[in-house]
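**Q** Take this structure first; my questions come after.
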Amino acid sequence: MDAIYLFDGAGALHGPVILTEIPGLGAQMPSNAIVLPKVLAAPKVGHVWTLTQGQVTLLPDFRGTVYSTVDGAQQQHTALGDLPVGFASVPRPSAAYLWQDGAWVKSATYLHARKTAEINRGCELSITGGFWSSALGSAYQYSSELDDQLNLTGVILRGEESPYACRDEQGQKAFLLHSALQLRQVGDDFTLFKLQLLQKANRLKQQLDQALSDGDVAAIEALSGEDPQA
């Protein structure tokens with residue numbers, strides 16, 4: 001039994017269709033219609049029937065939005081058949097992924113760089129977030145932003161007693177008199193505090209480097225990039 005199909009601009013067949021009867025003229029065959037000897041089987045998922053050089057052929061159908069395998073950029077694809085090299089039919093999940101062996105996979109190099117930056121930032125925030133010293137006989141908190149570090153160095157280099165700002169355990173800030181020796185002790189406590197943070201951050205980055213060398217994405221993701229002081 002004959003079947004009528006319509007073909008679109010790309011050559012994909014749609015149907016079978018029943019033509020509309022026009023009174024006095026009968027069924028009119030549009031210019032994009034073709035008569036086939038029988039009804040075609042339903043195409044498998046992701047494919048369409050097309051008429052190629054007079055032969056009915058099943059082709060992959062990736063028409064629509066496709067994605068560059070280089071950077072994940074979107075592009076509209078209009079042709080039937082296999083996708084050209086350099087394009088994927090699924091979007092790139094994030095910048096942490098690269099195209100490899102026909103699929104998006106997490107990039108160890110990208111994750112390593114991001115985690116390294118997180119560790120550096122966490123270390124920096126800890127260093128500049130304040131520290132405690134018992135130079136006055138009980139614990140006080142001292143500010144450690146870059147300007148605070150320079151101010152502390154300045155008063156230490158004077159070698160004289162000086163009022164210096166700190167906070168007690170209740171958070172009350174006051175300029176308390178420090179002897180030259182006490183100021184130096186505050187400076188030494190900060191140096192030790194900073195060194196410990198830098199050493200911990202370095203250990204974390206060494207673990208990251210080893211995971212990258214091993215190509216172990218899971219290990220890179222599992223390593224915390226949070227505040228190294230925690």
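Just so we're on the same page: first chain in the structure tokens is A, next is B, and so on; residues restart at 1 for each chain, and ligands are numbered from 1 in the order they show up.
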I'd like the neighbourhood of Gln75 in chain A as a PyMOL selection string, where a residue qualifies if any of its atoms comes within 12 Å (using only C-alpha atoms), though same-chain residues fewer than 5 positions away should be ignored.
**A** chain A and resi 62-69+83+86-91
**Q** With N, CA and C atoms retained, export the selected residues as a PDB file, in the first residue's frame.
**A**
```
ATOM      1  N   PHE A  62      21.229  14.904  14.540  1.00  0.00           N
ATOM      2  CA  PHE A  62      21.764  15.747  15.612  1.00  0.00           C
ATOM      3  C   PHE A  62      21.405  17.214  15.400  1.00  0.00           C
ATOM      4  N   ARG A  63      20.373  17.466  14.615  1.00  0.00           N
ATOM      5  CA  ARG A  63      20.007  18.855  14.351  1.00  0.00           C
ATOM      6  C   ARG A  63      19.586  19.562  15.639  1.00  0.00           C
ATOM      7  N   GLY A  64      19.969  20.829  15.710  1.00  0.00           N
ATOM      8  CA  GLY A  64      19.680  21.612  16.904  1.00  0.00           C
ATOM      9  C   GLY A  64      20.967  22.128  17.525  1.00  0.00           C
ATOM     10  N   THR A  65      20.956  22.313  18.828  1.00  0.00           N
ATOM     11  CA  THR A  65      22.129  22.850  19.520  1.00  0.00           C
ATOM     12  C   THR A  65      23.166  21.762  19.740  1.00  0.00           C
ATOM     13  N   VAL A  66      24.384  22.014  19.308  1.00  0.00           N
ATOM     14  CA  VAL A  66      25.519  21.129  19.569  1.00  0.00           C
ATOM     15  C   VAL A  66      26.599  21.944  20.275  1.00  0.00           C
ATOM     16  N   TYR A  67      27.652  21.267  20.738  1.00  0.00           N
ATOM     17  CA  TYR A  67      28.625  21.916  21.613  1.00  0.00           C
ATOM     18  C   TYR A  67      30.051  21.616  21.165  1.00  0.00           C
ATOM     19  N   SER A  68      30.860  22.660  21.142  1.00  0.00           N
ATOM     20  CA  SER A  68      32.264  22.494  20.771  1.00  0.00           C
ATOM     21  C   SER A  68      32.972  21.634  21.808  1.00  0.00           C
ATOM     22  N   THR A  69      33.742  20.657  21.355  1.00  0.00           N
ATOM     23  CA  THR A  69      34.506  19.823  22.286  1.00  0.00           C
ATOM     24  C   THR A  69      35.784  20.511  22.747  1.00  0.00           C
ATOM     25  N   LEU A  83      27.750  13.752  13.599  1.00  0.00           N
ATOM     26  CA  LEU A  83      28.298  15.062  13.925  1.00  0.00           C
ATOM     27  C   LEU A  83      29.725  15.181  13.405  1.00  0.00           C
ATOM     28  N   GLY A  86      34.839  17.453  16.468  1.00  0.00           N
ATOM     29  CA  GLY A  86      34.948  18.733  17.173  1.00  0.00           C
ATOM     30  C   GLY A  86      33.648  19.190  17.803  1.00  0.00           C
ATOM     31  N   PHE A  87      32.585  18.372  17.679  1.00  0.00           N
ATOM     32  CA  PHE A  87      31.289  18.750  18.260  1.00  0.00           C
ATOM     33  C   PHE A  87      30.689  17.577  19.032  1.00  0.00           C
ATOM     34  N   ALA A  88      29.937  17.919  20.062  1.00  0.00           N
ATOM     35  CA  ALA A  88      29.249  16.927  20.884  1.00  0.00           C
ATOM     36  C   ALA A  88      27.774  17.289  20.966  1.00  0.00           C
ATOM     37  N   SER A  89      26.939  16.286  21.193  1.00  0.00           N
ATOM     38  CA  SER A  89      25.501  16.535  21.284  1.00  0.00           C
ATOM     39  C   SER A  89      25.052  16.856  22.704  1.00  0.00           C
ATOM     40  N   VAL A  90      25.950  16.667  23.679  1.00  0.00           N
ATOM     41  CA  VAL A  90      25.610  16.946  25.085  1.00  0.00           C
ATOM     42  C   VAL A  90      26.433  18.132  25.562  1.00  0.00           C
ATOM     43  N   PRO A  91      25.846  18.977  26.409  1.00  0.00           N
ATOM     44  CA  PRO A  91      26.563  20.178  26.855  1.00  0.00           C
ATOM     45  C   PRO A  91      27.710  19.853  27.800  1.00  0.00           C
TER      46      PRO A  91
END
```
**Q** Could you give me, as a PyMOL selection string, each residue of range 3-230 of chain A that DSSP assigns to strand (DSSP E or B) when run on this structure's backbone?
**A** chain A and resi 3-7+12-14+21-22+26-27+33-36+47-52+55-60+64-68+74-77+87-88+97-100+103-106+131-133+140-142+162-167+173-178
**Q** Please provide the set of residues having any atom within 8 Å of His14 in chain A, restricted to only C-alpha atoms, with same-chain residues fewer than 4 positions apart removed, written as number ranges by chain.
**A** A: 5-8, 49
**Q** Using only C-alpha atoms, which residue out of A:Ser94, A:Ser143, A:Gln196, A:Thr109 lies closest to Ala73 in chain A?
**A** A:Ser94
**Q** One number please: CA of Thr57 in chain A to CA of Lys44 in chain A, in Å, one decimal.
**A**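 Spanning CA of Thr57 in chain A to CA of Lys44 in chain A is a straight-line distance of 12.3 Å.
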**Q** Find the spatial neighbours of Ile18 in chain A, counting only C-alpha atoms, within a cut-off of 9 Å - ignore same-chain residues fewer than 3 positions away - and output them as a compact mmCIF listing (two decimals) with C-alpha atoms, in the first residue's frame.
**A**
```txt
# COMPACT_ATOMS: atom_id res chain seq x y z
CA ALA A 3 2.31 5.87 1.70
CA ILE A 4 2.82 9.60 1.31
CA TYR A 5 5.68 11.30 3.18
CA GLY A 15 4.68 10.78 7.80
CA ALA A 27 -6.09 15.58 -3.03
```
**Q** A:Gln74, A:Thr191, A:Gln55, A:Thr116: which is nearest Lys205 in chain A, counting only C-alpha atoms?
**A** A:Thr116
**Q** Counting only C-alpha atoms, figure out which residue out of A:Val48, A:Pro43, A:Glu21, A:Tyr140 gets nearest to Ala174 in chain A.
**A**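 Selected residue with least distance to Ala174 in chain A: A:Tyr140.
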**Q** Nearest to Gly122 in chain A among A:Leu204, A:Ser138, A:Ala41, A:Gly46, with distances taken over only C-alpha atoms: which residue is it?
**A**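 Nearest to Gly122 in chain A: A:Leu204.
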**Q** If I take CA of Val35 in chain A and CA of Val17 in chain A, how far is one from the other in Å, to one decimal?
**A**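 Computed distance, CA of Val35 in chain A to CA of Val17 in chain A, equals 10.2 Å.
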**Q** Looking only at the backbone, which of the residues in range 139-199 of chain A does DSSP tag as helix (DSSP H, G or I), as a ChimeraX atom specification?
**A** /A:146-158,180-199
**Q** Considering only C-alpha atoms, return as a list of chain:residue names whatever protein or nucleic-acid residues lie within 8 Å of Leu59 in chain A, sequence-local ones (same chain, fewer than 3 positions apart) excluded.
**A**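 Skipping anything fewer than 3 positions along the chain leaves A:His47, A:Val48, A:Trp49, A:Thr50, A:Leu80, A:Gly81, A:Asp82.
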**Q** For the residues in that selection, give me C-alpha atoms as a PDB file, in the first residue's frame.
**A**
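Output file out.pdb follows:
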```
ATOM      1  CA  HIS A  47      17.549   8.861  13.784  1.00  0.00           C
ATOM      2  CA  VAL A  48      15.282   9.828  10.878  1.00  0.00           C
ATOM      3  CA  TRP A  49      14.404   8.382   7.514  1.00  0.00           C
ATOM      4  CA  THR A  50      15.696  10.365   4.542  1.00  0.00           C
ATOM      5  CA  LEU A  80      21.605  15.098   8.993  1.00  0.00           C
ATOM      6  CA  GLY A  81      24.209  12.422   9.603  1.00  0.00           C
ATOM      7  CA  ASP A  82      27.029  11.989  12.095  1.00  0.00           C
TER       8      ASP A  82
END
```
**Q** Please produce, as JSON lines, a per-residue contact table for range 83-140 of chain A versus range 145-152 of chain A (criterion: any atom at most 12 Å away, only C-alpha atoms considered), showing the nearest atom pair and its distance in Å to one decimal, sorted by chain then residue number.
**A**
```
{"residue": "A:Glu124", "atom": "CA", "partner": "A:Glu145", "partner_atom": "CA", "distance": 9.7}
{"residue": "A:Leu125", "atom": "CA", "partner": "A:Glu145", "partner_atom": "CA", "distance": 9.1}
{"residue": "A:Ser126", "atom": "CA", "partner": "A:Glu145", "partner_atom": "CA", "distance": 9.9}
{"residue": "A:Ile127", "atom": "CA", "partner": "A:Glu145", "partner_atom": "CA", "distance": 7.8}
{"residue": "A:Thr128", "atom": "CA", "partner": "A:Glu145", "partner_atom": "CA", "distance": 4.5}
{"residue": "A:Gly129", "atom": "CA", "partner": "A:Glu145", "partner_atom": "CA", "distance": 6.9}
{"residue": "A:Gly130", "atom": "CA", "partner": "A:Glu145", "partner_atom": "CA", "distance": 7.5}
{"residue": "A:Phe131", "atom": "CA", "partner": "A:Glu145", "partner_atom": "CA", "distance": 10.4}
```
**Q** Have a look at CA of Lys200 in chain A and CA of Ile119 in chain A and let me know their distance in Å, one decimal.
**A**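 Straight-line distance from CA of Lys200 in chain A to CA of Ile119 in chain A works out to 9.6 Å.
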**Q** Leaving out Ser224 in chain A and any residue of its chain fewer than 2 positions from it, which residues lie within 12 Å of it when counting only C-alpha atoms, given as a list of chain:residue names?
**A**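 Listing them by chain and then by number gives A:Leu111, A:His112, A:Arg114, A:Lys115, A:Thr116, A:Ala117, A:Glu118, A:Ile119, A:Asn120, A:Gly122, A:Lys200, A:Ala201, A:Arg203, A:Leu204, A:Lys205, A:Gln207, A:Leu208, A:Ala218, A:Ala219, A:Ile220, A:Glu221, A:Ala222, A:Glu226, A:Asp227, A:Pro228, A:Gln229, A:Ala230.
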**Q** For Gly137 in chain A, which residue out of A:Gly215, A:Ala96, A:Val186, A:Ser162 is the nearest one, using only C-alpha atoms?
**A**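 For Gly137 in chain A, the nearest of the candidates is A:Val186.
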**Q** Counting only C-alpha atoms, what is within 12 Å of range 154-158 of chain A, bar same-chain residues fewer than 6 positions away, as a VMD selection string?
**A** chain A and resid 147 to 148 164 to 165 177 to 188
